[in-house]
Amino acid sequence: MIQEATKAKFHLSNALRLNFDNYIILEDLFPVVWSRKMVQNYIAKHKK
């Protein structure tokens, strides 16, 4: 996910669209991914 940003954005967007409530899994299981600005922006975008 860290090295392939385009694929990561695609899969993150799909995951958040399908079940937004599970976004918290990123924080627990993937702290490096969670801390990325792109991830935070996508979560904020889908939170609305």
# chains A, B, ... in the order shown; residues from 1 in each chain; ligands from 1
$ residues_around --residues "A:Trp34" --least-positions-apart "5" --cutoff "10 Å" --atoms "only C-alpha atoms" --output "PyMOL selection string"
chain A and resi 23-29+39-40+43
$ residues_around --residues "A:Lys9" --least-positions-apart "2" --cutoff "12 Å" --atoms "only C-alpha atoms" --output "PyMOL selection string"
chain A and resi 1-7+11-17+33+36-43
